[in-house]
$ cat model26.cif   # mmCIF, C-alpha atoms
data_upload
loop_
_atom_site.group_PDB
_atom_site.id
_atom_site.type_symbol
_atom_site.label_atom_id
_atom_site.label_comp_id
_atom_site.auth_asym_id
_atom_site.auth_seq_id
_atom_site.Cartn_x
_atom_site.Cartn_y
_atom_site.Cartn_z
ATOM 1 C CA MET A 293 -90.478 19.373 -20.471
ATOM 2 C CA LEU A 294 -88.013 18.022 -22.998
ATOM 3 C CA GLN A 295 -86.026 21.206 -22.812
ATOM 4 C CA GLU A 296 -85.815 20.925 -19.041
ATOM 5 C CA LEU A 297 -84.589 17.358 -19.349
ATOM 6 C CA LEU A 298 -82.015 18.395 -21.900
ATOM 7 C CA GLY A 299 -80.903 21.263 -19.679
ATOM 8 C CA ALA A 300 -80.602 18.939 -16.698
ATOM 9 C CA ALA A 301 -78.616 16.446 -18.749
ATOM 10 C CA VAL A 302 -76.277 19.176 -19.982
ATOM 11 C CA ALA A 303 -75.844 20.462 -16.429
ATOM 12 C CA ALA A 304 -75.147 16.960 -15.126
ATOM 13 C CA ALA A 305 -72.671 16.375 -17.919
ATOM 14 C CA SER A 306 -70.992 19.682 -17.138
ATOM 15 C CA VAL A 307 -70.799 18.789 -13.468
ATOM 16 C CA GLY A 308 -69.391 15.391 -14.380
ATOM 17 C CA VAL A 309 -66.757 16.941 -16.609
ATOM 18 C CA VAL A 310 -65.804 19.413 -13.880
ATOM 19 C CA TYR A 311 -65.681 16.588 -11.338
ATOM 20 C CA LEU A 312 -63.497 14.465 -13.569
ATOM 21 C CA ALA A 313 -61.246 17.439 -14.215
ATOM 22 C CA MET A 314 -60.901 17.997 -10.488
ATOM 23 C CA ALA A 315 -60.543 14.298 -9.652
ATOM 24 C CA ALA A 316 -58.150 13.262 -12.414
ATOM 25 C CA ARG A 317 -54.428 13.177 -11.593
ATOM 26 C CA VAL A 318 -51.538 12.137 -13.802
ATOM 27 C CA ILE A 319 -48.537 10.471 -12.233
ATOM 28 C CA LYS A 320 -45.351 10.428 -14.311
ATOM 29 C CA GLN A 321 -43.250 7.342 -14.905
ATOM 30 C CA TYR A 322 -40.526 8.344 -12.425
ATOM 31 C CA GLU A 323 -43.045 9.289 -9.694
ATOM 32 C CA ARG A 324 -45.256 7.479 -7.197
ATOM 33 C CA GLY A 325 -48.403 8.868 -5.623
ATOM 34 C CA VAL A 326 -49.345 8.666 -1.942
ATOM 35 C CA LEU A 327 -53.034 9.320 -1.278
ATOM 36 C CA PHE A 328 -54.115 11.007 1.962
ATOM 37 C CA ARG A 329 -57.856 10.883 2.713
ATOM 38 C CA LEU A 330 -58.822 13.178 5.547
ATOM 39 C CA GLY A 331 -55.193 13.052 6.764
ATOM 40 C CA ARG A 332 -54.757 9.283 6.620
ATOM 41 C CA VAL A 333 -52.812 7.242 4.095
ATOM 42 C CA MET A 334 -55.285 5.293 1.996
ATOM 43 C CA GLY A 335 -54.534 2.146 0.035
ATOM 44 C CA GLU A 336 -51.380 1.297 -1.809
ATOM 45 C CA VAL A 337 -49.004 3.692 -3.454
ATOM 46 C CA ARG A 338 -50.447 4.879 -6.767
ATOM 47 C CA GLU A 339 -48.551 3.715 -9.832
ATOM 48 C CA PRO A 340 -47.685 5.911 -12.852
ATOM 49 C CA GLY A 341 -50.578 6.821 -15.136
ATOM 50 C CA LEU A 342 -54.050 8.340 -14.691
ATOM 51 C CA THR A 343 -55.619 8.069 -11.239
ATOM 52 C CA LEU A 344 -58.767 9.541 -9.660
ATOM 53 C CA VAL A 345 -59.192 11.164 -6.275
ATOM 54 C CA ILE A 346 -62.150 12.602 -4.406
ATOM 55 C CA PRO A 347 -62.014 16.380 -4.699
ATOM 56 C CA PHE A 348 -61.768 18.322 -1.432
ATOM 57 C CA VAL A 349 -61.363 15.040 0.454
ATOM 58 C CA ASP A 350 -58.297 13.337 -0.951
ATOM 59 C CA ARG A 351 -54.858 14.855 -1.326
ATOM 60 C CA LEU A 352 -52.324 13.189 -3.607
ATOM 61 C CA HIS A 353 -48.620 13.670 -2.926
ATOM 62 C CA LYS A 354 -46.159 12.790 -5.666
ATOM 63 C CA VAL A 355 -42.739 11.472 -4.722
ATOM 64 C CA ASN A 356 -39.806 11.494 -7.134
ATOM 65 C CA MET A 357 -38.200 8.049 -7.335
ATOM 66 C CA GLN A 358 -35.171 9.137 -9.385
ATOM 67 C CA ILE A 359 -31.640 9.001 -8.030
ATOM 68 C CA VAL A 360 -30.796 12.282 -6.309
ATOM 69 C CA THR A 361 -27.265 13.671 -6.464
ATOM 70 C CA MET A 362 -26.610 15.703 -3.329
ATOM 71 C CA PRO A 363 -23.275 17.453 -2.726
ATOM 72 C CA VAL A 364 -22.106 17.429 0.871
ATOM 73 C CA PRO A 365 -20.603 20.781 1.935
ATOM 74 C CA GLY A 366 -16.938 20.690 2.874
ATOM 75 C CA GLN A 367 -16.392 19.674 6.485
ATOM 76 C CA GLU A 368 -13.334 20.640 8.486
ATOM 77 C CA GLY A 369 -11.913 18.233 11.013
ATOM 78 C CA ILE A 370 -8.786 16.865 12.653
ATOM 79 C CA THR A 371 -7.615 13.436 11.591
ATOM 80 C CA ARG A 372 -6.446 10.740 13.969
ATOM 81 C CA ASP A 373 -2.818 11.809 13.383
ATOM 82 C CA ASN A 374 -3.646 15.461 14.275
ATOM 83 C CA VAL A 375 -3.792 17.012 10.797
ATOM 84 C CA THR A 376 -6.426 19.645 10.004
ATOM 85 C CA VAL A 377 -8.179 18.882 6.696
ATOM 86 C CA ARG A 378 -11.274 19.946 4.807
ATOM 87 C CA VAL A 379 -13.192 17.189 3.010
ATOM 88 C CA ASP A 380 -16.216 17.405 0.733
ATOM 89 C CA ALA A 381 -18.218 14.532 -0.741
ATOM 90 C CA VAL A 382 -21.265 13.671 -2.843
ATOM 91 C CA VAL A 383 -24.144 11.312 -2.002
ATOM 92 C CA TYR A 384 -26.297 9.388 -4.489
ATOM 93 C CA PHE A 385 -29.606 8.164 -3.048
ATOM 94 C CA ARG A 386 -33.190 7.428 -4.084
ATOM 95 C CA VAL A 387 -36.563 6.809 -2.487
ATOM 96 C CA VAL A 388 -37.657 3.170 -2.364
ATOM 97 C CA ASP A 389 -40.743 3.594 -0.148
ATOM 98 C CA ALA A 390 -42.750 6.698 -1.015
ATOM 99 C CA ALA A 391 -45.136 6.387 1.949
ATOM 100 C CA SER A 392 -42.336 6.128 4.511
ATOM 101 C CA ALA A 393 -40.462 9.043 2.946
ATOM 102 C CA LEU A 394 -43.534 11.252 3.482
ATOM 103 C CA VAL A 395 -44.781 9.927 6.820
ATOM 104 C CA LYS A 396 -41.692 8.970 8.841
ATOM 105 C CA VAL A 397 -39.544 12.034 8.159
ATOM 106 C CA GLU A 398 -40.478 15.663 7.593
ATOM 107 C CA ASP A 399 -37.979 16.366 4.792
ATOM 108 C CA TYR A 400 -36.002 13.328 3.727
ATOM 109 C CA LYS A 401 -33.583 15.331 1.561
ATOM 110 C CA PHE A 402 -32.646 17.618 4.429
ATOM 111 C CA ALA A 403 -32.352 14.633 6.765
ATOM 112 C CA VAL A 404 -30.003 12.797 4.395
ATOM 113 C CA SER A 405 -27.918 15.960 3.962
ATOM 114 C CA GLN A 406 -27.479 16.452 7.705
ATOM 115 C CA MET A 407 -26.705 12.776 8.257
ATOM 116 C CA ALA A 408 -24.080 12.889 5.477
ATOM 117 C CA GLN A 409 -22.350 15.916 7.025
ATOM 118 C CA THR A 410 -22.292 14.331 10.482
ATOM 119 C CA SER A 411 -20.982 11.026 9.140
ATOM 120 C CA LEU A 412 -18.294 12.799 7.109
ATOM 121 C CA ARG A 413 -16.993 14.602 10.191
ATOM 122 C CA SER A 414 -16.986 11.317 12.081
ATOM 123 C CA ILE A 415 -15.027 9.592 9.300
ATOM 124 C CA ILE A 416 -12.432 12.389 9.315
ATOM 125 C CA GLY A 417 -11.841 11.962 13.048
ATOM 126 C CA LYS A 418 -11.438 8.179 12.767
ATOM 127 C CA SER A 419 -9.057 8.145 9.779
ATOM 128 C CA ASP A 420 -5.408 8.966 9.190
ATOM 129 C CA LEU A 421 -4.257 11.422 6.576
ATOM 130 C CA ASP A 422 -2.765 8.652 4.432
ATOM 131 C CA ASP A 423 -6.134 6.863 4.392
ATOM 132 C CA LEU A 424 -7.933 10.015 3.230
ATOM 133 C CA LEU A 425 -5.443 10.465 0.410
ATOM 134 C CA SER A 426 -4.875 6.905 -0.809
ATOM 135 C CA ASN A 427 -7.508 4.588 0.692
ATOM 136 C CA ARG A 428 -10.694 6.390 -0.272
ATOM 137 C CA GLU A 429 -12.572 3.320 -1.462
ATOM 138 C CA LYS A 430 -12.670 1.860 2.037
ATOM 139 C CA LEU A 431 -13.701 5.200 3.520
ATOM 140 C CA ASN A 432 -16.456 5.552 0.925
ATOM 141 C CA GLN A 433 -17.889 2.187 1.941
ATOM 142 C CA GLY A 434 -17.787 3.096 5.629
ATOM 143 C CA LEU A 435 -19.401 6.460 4.949
ATOM 144 C CA GLU A 436 -22.121 4.831 2.852
ATOM 145 C CA LEU A 437 -22.889 2.370 5.658
ATOM 146 C CA MET A 438 -23.110 5.166 8.240
ATOM 147 C CA ILE A 439 -25.597 7.151 6.127
ATOM 148 C CA ASP A 440 -27.616 4.188 4.900
ATOM 149 C CA SER A 441 -28.291 2.684 8.351
ATOM 150 C CA PRO A 442 -30.739 5.400 9.552
ATOM 151 C CA ALA A 443 -31.964 6.213 6.040
ATOM 152 C CA VAL A 444 -33.463 2.733 5.596
ATOM 153 C CA GLY A 445 -36.187 3.608 8.116
ATOM 154 C CA TRP A 446 -37.043 6.699 6.111
ATOM 155 C CA GLY A 447 -37.732 4.745 2.920
ATOM 156 C CA VAL A 448 -34.485 6.030 1.386
ATOM 157 C CA GLN A 449 -31.676 3.909 -0.033
ATOM 158 C CA VAL A 450 -28.139 5.286 -0.393
ATOM 159 C CA ASP A 451 -26.615 3.976 -3.618
ATOM 160 C CA ARG A 452 -23.130 5.473 -3.420
ATOM 161 C CA VAL A 453 -21.001 7.961 -1.493
ATOM 162 C CA GLU A 454 -17.843 9.478 -2.945
ATOM 163 C CA ILE A 455 -15.223 11.696 -1.288
ATOM 164 C CA LYS A 456 -14.480 14.346 -3.893
ATOM 165 C CA ASP A 457 -11.606 16.406 -2.528
ATOM 166 C CA VAL A 458 -9.321 16.637 0.489
ATOM 167 C CA SER A 459 -7.903 20.112 1.120
ATOM 168 C CA LEU A 460 -4.687 20.365 3.135
ATOM 169 C CA PRO A 461 -2.989 23.410 4.703
ATOM 170 C CA ASP A 462 -0.149 24.955 2.702
ATOM 171 C CA THR A 463 2.411 24.036 5.366
ATOM 172 C CA MET A 464 1.370 20.394 5.168
ATOM 173 C CA LYS A 465 1.600 20.448 1.365
ATOM 174 C CA ARG A 466 5.160 21.790 1.549
ATOM 175 C CA SER A 467 6.106 19.172 4.148
ATOM 176 C CA MET A 468 4.696 16.381 1.998
ATOM 177 C CA ALA A 469 6.544 17.743 -1.036
ATOM 178 C CA ARG A 470 9.842 17.746 0.887
ATOM 179 C CA GLN A 471 9.159 14.227 2.135
ATOM 180 C CA ALA A 472 8.445 12.985 -1.390
ATOM 181 C CA GLU A 473 11.584 14.703 -2.708
ATOM 182 C CA ALA A 474 13.738 13.151 0.035
ATOM 183 C CA ASP A 475 12.286 9.717 -0.654
ATOM 184 C CA ARG A 476 12.987 10.022 -4.370
ATOM 185 C CA GLU A 477 16.560 11.161 -3.664
ATOM 186 C CA ARG A 478 17.051 8.203 -1.313
ATOM 187 C CA ARG A 479 15.869 5.768 -3.980
ATOM 188 C CA ALA A 480 18.122 7.438 -6.566
ATOM 189 C CA ARG A 481 21.155 7.041 -4.297
ATOM 190 C CA ILE A 482 20.325 3.401 -3.658
ATOM 191 C CA ILE A 483 20.050 2.763 -7.401
ATOM 192 C CA ASN A 484 23.381 4.529 -8.055
ATOM 193 C CA ALA A 485 25.072 2.552 -5.275
ATOM 194 C CA ASP A 486 23.696 -0.692 -6.658
ATOM 195 C CA ALA A 487 24.978 0.237 -10.116
ATOM 196 C CA GLU A 488 28.428 1.024 -8.697
ATOM 197 C CA LEU A 489 28.471 -2.322 -6.884
ATOM 198 C CA GLN A 490 27.614 -4.238 -10.043
ATOM 199 C CA ALA A 491 30.153 -2.251 -12.053
ATOM 200 C CA SER A 492 32.901 -2.919 -9.477
ATOM 201 C CA LYS A 493 32.173 -6.644 -9.584
ATOM 202 C CA LYS A 494 32.408 -6.669 -13.366
ATOM 203 C CA LEU A 495 35.628 -4.621 -13.303
ATOM 204 C CA ALA A 496 37.117 -7.019 -10.755
ATOM 205 C CA GLU A 497 36.278 -9.963 -13.000
ATOM 206 C CA ALA A 498 37.805 -8.145 -15.978
ATOM 207 C CA ALA A 499 40.986 -7.335 -14.016
ATOM 208 C CA GLU A 500 41.304 -10.936 -12.919
ATOM 209 C CA GLN A 501 40.907 -12.133 -16.501
ATOM 210 C CA MET A 502 43.499 -9.627 -17.805
ATOM 211 C CA SER A 503 46.006 -10.587 -15.094
ATOM 212 C CA GLU A 504 46.097 -14.101 -16.515
ATOM 213 C CA THR A 505 46.778 -12.803 -20.047
ATOM 214 C CA PRO A 506 48.844 -9.576 -19.995
ATOM 215 C CA ALA A 507 48.450 -9.215 -23.756
ATOM 216 C CA ALA A 508 44.751 -8.520 -23.231
ATOM 217 C CA LEU A 509 45.653 -5.272 -21.457
ATOM 218 C CA GLN A 510 47.701 -4.145 -24.460
ATOM 219 C CA LEU A 511 44.838 -5.007 -26.819
ATOM 220 C CA ARG A 512 42.417 -3.077 -24.636
ATOM 221 C CA LEU A 513 44.798 -0.129 -24.683
ATOM 222 C CA LEU A 514 44.962 -0.200 -28.474
ATOM 223 C CA GLN A 515 41.167 -0.347 -28.678
ATOM 224 C CA THR A 516 40.930 2.701 -26.422
ATOM 225 C CA VAL A 517 43.422 4.605 -28.589
ATOM 226 C CA MET A 518 41.453 3.722 -31.725
ATOM 227 C CA ALA A 519 38.208 4.856 -30.120
ATOM 228 C CA VAL A 520 39.731 8.184 -29.111
ATOM 229 C CA ALA A 521 41.381 8.702 -32.504
ATOM 230 C CA ALA A 522 38.085 8.078 -34.302
ATOM 231 C CA GLU A 523 36.650 11.282 -32.819
ATOM 232 C CA LYS A 524 39.173 13.411 -34.769
ATOM 233 C CA ASN A 525 40.456 15.136 -31.657
ATOM 234 C CA SER A 526 43.421 17.493 -31.819
ATOM 235 C CA THR A 527 44.814 16.143 -28.565
ATOM 236 C CA LEU A 528 45.434 12.482 -27.928
ATOM 237 C CA VAL A 529 46.025 11.292 -24.374
ATOM 238 C CA LEU A 530 47.885 7.985 -24.312
ATOM 239 C CA PRO A 531 47.803 6.185 -20.959
ATOM 240 C CA ILE A 532 50.930 4.273 -19.923
ATOM 241 C CA PRO A 533 50.273 0.879 -18.382
ATOM 242 C CA VAL A 534 51.525 0.331 -14.873
ATOM 243 C CA GLU A 535 53.202 -2.883 -16.013
ATOM 244 C CA LEU A 536 55.407 -0.840 -18.364
ATOM 245 C CA LEU A 537 56.522 1.363 -15.501
ATOM 246 C CA HIS A 538 57.333 -1.709 -13.427
ATOM 247 C CA PHE A 539 59.381 -3.099 -16.370
ATOM 248 C CA LEU A 540 61.379 0.126 -16.676
ATOM 249 C CA GLU A 541 61.933 0.228 -12.945
ATOM 250 C CA ARG A 542 63.278 -3.319 -12.943
ATOM 251 C CA GLY A 543 65.584 -2.480 -15.849
ATOM 252 C CA HIS A 544 66.929 0.551 -13.990
ATOM 253 C CA GLN A 545 67.597 -1.566 -10.913
ATOM 254 C CA LEU A 546 69.514 -4.126 -12.989
ATOM 255 C CA GLY A 547 71.633 -1.322 -14.413
ATOM 256 C CA GLN A 548 72.612 -0.235 -10.875
ATOM 257 C CA LEU A 549 74.028 -3.684 -9.808
ATOM 258 C CA PRO A 550 77.827 -3.710 -8.741
ATOM 259 C CA THR A 551 80.435 -5.057 -11.215
ATOM 260 C CA PRO A 552 83.453 -7.337 -10.422
ATOM 261 C CA ASN A 553 85.744 -4.255 -10.476
ATOM 262 C CA GLY A 554 83.835 -2.792 -7.571
ATOM 263 C CA ASP A 555 82.064 -0.139 -9.595
ATOM 264 C CA ALA A 556 78.375 0.323 -8.801
ATOM 265 C CA GLY A 557 77.260 -0.481 -12.237
ATOM 266 C CA GLN A 558 79.098 2.385 -13.852
ATOM 267 C CA ARG A 559 80.919 1.344 -17.003
ATOM 268 C CA GLN A 560 83.865 3.284 -18.396
ATOM 269 C CA ALA A 561 83.398 4.561 -21.809
ATOM 270 C CA PRO A 562 86.035 3.467 -24.326
ATOM 271 C CA ARG A 563 88.787 6.027 -24.844
ATOM 272 C CA GLN A 564 88.817 7.906 -28.056
ATOM 273 C CA PRO A 565 92.115 8.073 -29.948
ATOM 274 C CA GLU A 566 93.900 11.334 -29.394
ATOM 275 C CA GLU A 567 94.211 13.600 -32.304
ATOM 276 C CA LYS A 568 97.676 14.328 -33.395
#
$ encode --input "model26.cif" --output "structure tokens"
Amino acid sequence: MLQELLGAAVAAASVGVVYLAMAARVIKQYERGVLFRLGRVMGEVREPGLTLVIPFVDRLHKVNMQIVTMPVPGQEGITRDNVTVRVDAVVYFRVVDAASALVKVEDYKFAVSQMAQTSLRSIIGKSDLDDLLSNREKLNQGLELMIDSPAVGWGVQVDRVEIKDVSLPDTMKRSMARQAEADRERRARIINADAELQASKKLAEAAEQMSETPAALQLRLLQTVMAVAAEKNSTLVLPIPVELLHFLERGHQLGQLPTPNGDAGQRQAPRQPEEK
């Protein structure tokens, strides 16, 4: 009799151990468990740790609550200014309601992926090429809002959307390169013209100052000669001031004035004594 009781106790203990082994579930820290009992969601979402279910009756689904990084395949489209581009992006999202993510949508990852592709094509059609290249932060916010609006009902929250790359046709790249080169050349010419204007103003002020003191021009000429001679050149070019030419011209004109004898400034040379 005692042996039968012991055998029954051992059998019950074995059944209990098997039951516990079949009923015990471990939920990790980054997961949440949704319990389905005969096809219906039962109770609250199970927290991380050890939890028990009824074997063959309950089914526990684990949902990852970590942030998911999902690349969006490159989408081709035509911008508002009629430029064909190819844009790819990346979406960061996570599940905030495990029950809704399992019940309200069949595959929330696939749904978010399709919504991201559709929204990206829509953003391309509404934006200009300059916005895609230089104003990405605003486009990222608009793209995030477009994806997050329907995803809230699925128990999914979109944390961030980033446009990774914008691919342009080769012809457009060459056109943009020529445009950038022309713009840089225009700015260089404007800077050179501004420098010439400032230099001309300074030279005009210097000329006005030298006209009041003619000796300053001679001093400047001597300084230039000294600067050239300091280089140990074999050839020395000496500029002649215009004032010197004017002085010589005036002297020549004075030499051509008529004399009282009627001669046009020609003087007779004194006669030399004849040799005997």
$ residues_around --input "model26.cif" --residues "Arg378 of chain A" --least-positions-apart "3" --cutoff "6 Å" --atoms "only C-alpha atoms" --output "list in words"
Gln367, Glu368, Val458 and Ser459 of chain A
$ closest_residue --input "model26.cif" --among "A:Ala313, A:Ala390, A:Leu431, A:Val355" --to "Ser411 of chain A" --atoms "only C-alpha atoms"
A:Leu431
$ resolve_selection --input "model26.cif" --expression "the PyMOL selection byres ((chain A and resi 372-376) around 6)" --output "number ranges by chain"
A: 369-371, 377, 417-420
$ residues_near_point --input "model26.cif" --point "(-39.3, 8.9, 5.9)" --cutoff "9 Å" --atoms "all atoms listed in the file" --output "PyMOL selection string"
chain A and resi 389-400+443-448
$ residues_around --input "model26.cif" --residues "Arg338 of chain A" --least-positions-apart "4" --cutoff "9 Å" --atoms "all atoms listed in the file" --output "number ranges by chain"
A: 319, 324-327, 343
$ residues_around --input "model26.cif" --residues "Val364 of chain A" --least-positions-apart "3" --cutoff "6 Å" --atoms "only C-alpha atoms" --output "list in words"
Asp380, Ala381 and Val382 of chain A
$ residues_around --input "model26.cif" --residues "Met357 of chain A" --least-positions-apart "4" --cutoff "8 Å" --atoms "all atoms listed in the file" --output "ChimeraX atom specification"
/A:322-324,386-388,390
$ write_last_selection --input "model26.cif" --atoms "C-alpha atoms" --output "compact mmCIF listing (two decimals), in the coordinates of the input"
# COMPACT_ATOMS: atom_id res chain seq x y z
CA TYR A 322 -40.53 8.34 -12.42
CA GLU A 323 -43.04 9.29 -9.69
CA ARG A 324 -45.26 7.48 -7.20
CA ARG A 386 -33.19 7.43 -4.08
CA VAL A 387 -36.56 6.81 -2.49
CA VAL A 388 -37.66 3.17 -2.36
CA ALA A 390 -42.75 6.70 -1.01
